[in-house]
Amino acid sequence: MKIELDLSRRADATPAQARSLAGMSLPALKAEMEALGLEPKKAGMRAKQLRRWIHHFGVQDFSGMTDVAKELRARLEETFILTRPEIADHQVSRDGTQKWLTRFGPGIEGESVFIPDVGKAGALCVSSQVGCTLNCTFCHTGTQKLVRNLTAQEIVAQVLIARDGLGEWPTSTENRKLTNIVFMGMGEPLYNLDNVAEAIDTISDGDGIAIGRRRITVSTAGVAPKIPELGHRTNAALAISLHATNDDLRNEIVPINRKYDLQMLFEAIRAYPDLGNSKRVTFEYVMLKGINDSLAEARDLVRLLKGVPSKINLIPFNPWPGSPYECSDWATIESFAEVLNRAGYASPIRTPRGRDILAACGQLRSESVKKSAAEKRREALSAGTE
Ligand code: SAH
């Protein structure tokens, strides 16, 4: 017997099942308006109005959209919602760092972290994937298999949730708490570049969330062929998770190095557009006791970065349950930093933030697992019979 399920149920969607417009890019909003039957020109105009209400004012219902005709408002209300994905957990650290666990769908959960007093005022660290494929040996997220890429809308939703929590609507230009975005949460952003680029378009849009591209940083473990493309498509700042100064060690602790070695990585970095004094590459270097923290390696690091406009971030290793490393001693980190200081790199140590709530670099992980095809079919069947 052949069973066919129609899971779309678009026509009789009630608000509870309707899709949210929150976090949608301008082209996606326009496409939704066209799908409602509006002519392209009208659809473009309505999309712009919606963008302003949703991403500048942060509204979560349609009733306040005074410049949208009543009839259309009613249709929008029937068809869409403006709510964010569910917050499954929210924690605040002793140092003011906040962590949200967001449920993007059943069993699809990812983390975002707000860190006050970094960047211009405060930075939000967003996830681009649930889980990760890279398996860096010191990273907690690396112990979680990839569940799936986040959509552009889901990436933007993390920013909306933080703005809600910080009470930062409408978008203001002064005294913002959230001024910077770093793609340093779960996942490898360059393995999800289309969605990351679309999300950056939405986050940086001056008529919406308005966080400028220069204040958005994307961190990669070294997907070399995508690095120049990231720059051309997004204009974002680049961060590289370097962690080792020779291929032997990097092959071991950042296994993607076996595919793209240091030479390929640095060729790609040098091809990043617009590098200069006002646009430097951030090199992240985790301090692992007895592994990569010798003074000889500090000197190698200086040599390796020669000619690349750079900043260095030494990250004291953040332990997680079962982690196989220890953090370098403080004195070792300081002498390592001193070598870098003498070579002209200012304040290279990143203070760990939010360690008590497992919100620091490399501590993020969720319980989400990828479902098998059979599990998905079973779920679809039971949803169809409810
Ligand atoms: N996949 C991207 C995004 C993650 S960014 C990337 O690798 O760049 C998070 C940063 O924290 C990376 O530099 C990562 O290498 C670093 N990191 C991972 N685990 C860590 C840990 N336990 N302690 C300190 N830093 C860690």
# chains A, B, ... in the order shown; residues from 1 in each chain; ligands from 1
call {"tool": "closest_atom_pairs", "arguments": {"of": "chain A", "to": "ligand 1", "cutoff": "9 Å", "atoms": "only C-alpha atoms and all ligand atoms", "output": "Markdown table"}}
result
| residue | atom | partner | partner_atom_place_in_ligand_line | distance |
| --- | --- | --- | --- | --- |
| A:Cys125 | CA | ligand 1 | 5 (S) | 8.8 |
| A:Ser127 | CA | ligand 1 | 3 (C) | 8.0 |
| A:Ser128 | CA | ligand 1 | 3 (C) | 8.4 |
| A:Cys132 | CA | ligand 1 | 1 (N) | 7.6 |
| A:Leu134 | CA | ligand 1 | 1 (N) | 7.5 |
| A:Cys136 | CA | ligand 1 | 15 (O) | 7.2 |
| A:Thr137 | CA | ligand 1 | 19 (N) | 8.1 |
| A:Phe138 | CA | ligand 1 | 22 (N) | 5.1 |
| A:Cys139 | CA | ligand 1 | 19 (N) | 3.4 |
| A:His140 | CA | ligand 1 | 19 (N) | 6.0 |
| A:Thr141 | CA | ligand 1 | 19 (N) | 7.5 |
| A:Gly142 | CA | ligand 1 | 19 (N) | 8.1 |
| A:Val182 | CA | ligand 1 | 5 (S) | 8.4 |
| A:Phe183 | CA | ligand 1 | 3 (C) | 6.3 |
| A:Met184 | CA | ligand 1 | 5 (S) | 3.5 |
| A:Gly185 | CA | ligand 1 | 4 (C) | 5.3 |
| A:Met186 | CA | ligand 1 | 4 (C) | 6.0 |
| A:Gly187 | CA | ligand 1 | 1 (N) | 5.0 |
| A:Glu188 | CA | ligand 1 | 1 (N) | 3.7 |
| A:Pro189 | CA | ligand 1 | 2 (C) | 6.4 |
| A:Leu190 | CA | ligand 1 | 1 (N) | 8.2 |
| A:Val218 | CA | ligand 1 | 3 (C) | 7.6 |
| A:Ser219 | CA | ligand 1 | 8 (O) | 4.0 |
| A:Thr220 | CA | ligand 1 | 8 (O) | 3.5 |
| A:Ala221 | CA | ligand 1 | 7 (O) | 3.8 |
| A:Gly222 | CA | ligand 1 | 8 (O) | 7.4 |
| A:Ala239 | CA | ligand 1 | 8 (O) | 6.9 |
| A:Ile240 | CA | ligand 1 | 8 (O) | 5.8 |
| A:Ser241 | CA | ligand 1 | 13 (O) | 4.1 |
| A:Leu242 | CA | ligand 1 | 13 (O) | 7.3 |
| A:His243 | CA | ligand 1 | 15 (O) | 7.1 |
| A:Val254 | CA | ligand 1 | 15 (O) | 8.1 |
| A:Phe283 | CA | ligand 1 | 13 (O) | 8.1 |
| A:Glu284 | CA | ligand 1 | 13 (O) | 5.1 |
| A:Tyr285 | CA | ligand 1 | 13 (O) | 6.8 |
| A:Val286 | CA | ligand 1 | 25 (N) | 5.2 |
| A:Met287 | CA | ligand 1 | 24 (C) | 7.5 |
| A:Leu288 | CA | ligand 1 | 23 (N) | 8.6 |
| A:Asn313 | CA | ligand 1 | 13 (O) | 8.9 |
| A:Leu314 | CA | ligand 1 | 25 (N) | 8.8 |
| A:Ile315 | CA | ligand 1 | 24 (C) | 5.4 |
| A:Pro316 | CA | ligand 1 | 24 (C) | 5.8 |
| A:Phe317 | CA | ligand 1 | 23 (N) | 3.7 |
| A:Asn318 | CA | ligand 1 | 23 (N) | 3.7 |
| A:Pro319 | CA | ligand 1 | 22 (N) | 5.4 |
| A:Trp320 | CA | ligand 1 | 22 (N) | 6.7 |
| A:Ser323 | CA | ligand 1 | 22 (N) | 7.8 |
| A:Tyr325 | CA | ligand 1 | 22 (N) | 8.5 |
| A:Cys327 | CA | ligand 1 | 23 (N) | 8.2 |
| A:Pro352 | CA | ligand 1 | 24 (C) | 8.2 |
| A:Ala360 | CA | ligand 1 | 24 (C) | 7.2 |
| A:Cys361 | CA | ligand 1 | 11 (O) | 4.2 |
| A:Gly362 | CA | ligand 1 | 19 (N) | 3.0 |
| A:Gln363 | CA | ligand 1 | 22 (N) | 5.7 |
| A:Leu364 | CA | ligand 1 | 19 (N) | 8.5 |
call {"tool": "residues_around", "arguments": {"residues": "segment 146-156 of chain A", "least_positions_apart": "5", "cutoff": "6 Å", "atoms": "only C-alpha atoms", "output": "list in words"}}
result
Gly23, Met24, Ser128, Gln129, Val130, Gly131, Cys132, Thr133, Asn195, Glu198, Ala199, Val369 and Lys370 of chain A
call {"tool": "closest_residue", "arguments": {"among": "A:Arg353, A:Lys41, A:Lys279, A:His56", "to": "Thr217 of chain A", "atoms": "only C-alpha atoms"}}
result
A:Lys279
call {"tool": "atom_distance", "arguments": {"atom1": "atom CA of Leu38 of chain A", "atom2": "atom CA of Glu71 of chain A"}}
result
12.7 Å
call {"tool": "atom_distance", "arguments": {"atom1": "atom CA of Phe80 of chain A", "atom2": "atom CA of Gly105 of chain A"}}
result
16.9 Å
call {"tool": "select_by_dssp", "arguments": {"residues": "segment 189-287 of chain A", "states": "strand (DSSP E or B)", "output": "MDAnalysis selection string"}}
result
chainID A and resid 216:220 237:241 276 279 281:287
call {"tool": "write_last_selection", "arguments": {"atoms": "N, CA and C atoms", "output": "PDB file, in the first residue's frame"}}
result
ATOM      1  N   ILE A 216      31.349  42.739  12.265  1.00  0.00           N
ATOM      2  CA  ILE A 216      30.951  41.332  12.201  1.00  0.00           C
ATOM      3  C   ILE A 216      32.203  40.521  11.856  1.00  0.00           C
ATOM      4  N   THR A 217      32.510  39.530  12.672  1.00  0.00           N
ATOM      5  CA  THR A 217      33.710  38.722  12.452  1.00  0.00           C
ATOM      6  C   THR A 217      33.312  37.263  12.240  1.00  0.00           C
ATOM      7  N   VAL A 218      33.901  36.669  11.214  1.00  0.00           N
ATOM      8  CA  VAL A 218      33.634  35.251  10.958  1.00  0.00           C
ATOM      9  C   VAL A 218      34.914  34.465  11.234  1.00  0.00           C
ATOM     10  N   SER A 219      34.790  33.442  12.067  1.00  0.00           N
ATOM     11  CA  SER A 219      35.960  32.643  12.445  1.00  0.00           C
ATOM     12  C   SER A 219      35.920  31.283  11.749  1.00  0.00           C
ATOM     13  N   THR A 220      37.041  30.910  11.153  1.00  0.00           N
ATOM     14  CA  THR A 220      37.093  29.605  10.484  1.00  0.00           C
ATOM     15  C   THR A 220      38.298  28.804  10.964  1.00  0.00           C
ATOM     16  N   ALA A 237      34.945  40.885   8.922  1.00  0.00           N
ATOM     17  CA  ALA A 237      36.311  40.690   9.406  1.00  0.00           C
ATOM     18  C   ALA A 237      36.582  39.186   9.522  1.00  0.00           C
ATOM     19  N   LEU A 238      37.843  38.825   9.331  1.00  0.00           N
ATOM     20  CA  LEU A 238      38.210  37.401   9.301  1.00  0.00           C
ATOM     21  C   LEU A 238      38.971  37.010  10.567  1.00  0.00           C
ATOM     22  N   ALA A 239      38.608  35.850  11.125  1.00  0.00           N
ATOM     23  CA  ALA A 239      39.392  35.276  12.224  1.00  0.00           C
ATOM     24  C   ALA A 239      39.768  33.846  11.840  1.00  0.00           C
ATOM     25  N   ILE A 240      40.982  33.473  12.189  1.00  0.00           N
ATOM     26  CA  ILE A 240      41.471  32.135  11.851  1.00  0.00           C
ATOM     27  C   ILE A 240      41.827  31.397  13.135  1.00  0.00           C
ATOM     28  N   SER A 241      41.288  30.186  13.272  1.00  0.00           N
ATOM     29  CA  SER A 241      41.641  29.358  14.422  1.00  0.00           C
ATOM     30  C   SER A 241      42.932  28.631  14.089  1.00  0.00           C
ATOM     31  N   GLY A 276      44.557  45.414   5.736  1.00  0.00           N
ATOM     32  CA  GLY A 276      45.420  46.572   5.976  1.00  0.00           C
ATOM     33  C   GLY A 276      45.359  46.913   7.443  1.00  0.00           C
ATOM     34  N   LYS A 279      41.967  46.844   8.745  1.00  0.00           N
ATOM     35  CA  LYS A 279      41.272  45.551   8.653  1.00  0.00           C
ATOM     36  C   LYS A 279      42.308  44.449   8.790  1.00  0.00           C
ATOM     37  N   VAL A 281      43.522  40.544  10.237  1.00  0.00           N
ATOM     38  CA  VAL A 281      43.035  39.191  10.497  1.00  0.00           C
ATOM     39  C   VAL A 281      43.310  38.873  11.965  1.00  0.00           C
ATOM     40  N   THR A 282      42.308  38.302  12.648  1.00  0.00           N
ATOM     41  CA  THR A 282      42.528  37.857  14.024  1.00  0.00           C
ATOM     42  C   THR A 282      42.977  36.401  14.003  1.00  0.00           C
ATOM     43  N   PHE A 283      44.095  36.114  14.634  1.00  0.00           N
ATOM     44  CA  PHE A 283      44.538  34.723  14.749  1.00  0.00           C
ATOM     45  C   PHE A 283      44.267  34.237  16.168  1.00  0.00           C
ATOM     46  N   GLU A 284      43.460  33.186  16.243  1.00  0.00           N
ATOM     47  CA  GLU A 284      43.140  32.618  17.553  1.00  0.00           C
ATOM     48  C   GLU A 284      44.115  31.479  17.834  1.00  0.00           C
ATOM     49  N   TYR A 285      44.573  31.462  19.076  1.00  0.00           N
ATOM     50  CA  TYR A 285      45.575  30.457  19.435  1.00  0.00           C
ATOM     51  C   TYR A 285      45.256  29.969  20.843  1.00  0.00           C
ATOM     52  N   VAL A 286      44.749  28.754  20.959  1.00  0.00           N
ATOM     53  CA  VAL A 286      44.348  28.194  22.250  1.00  0.00           C
ATOM     54  C   VAL A 286      45.600  27.724  22.997  1.00  0.00           C
ATOM     55  N   MET A 287      45.691  28.038  24.274  1.00  0.00           N
ATOM     56  CA  MET A 287      46.907  27.704  25.028  1.00  0.00           C
ATOM     57  C   MET A 287      46.739  26.353  25.720  1.00  0.00           C
TER      58      MET A 287
END
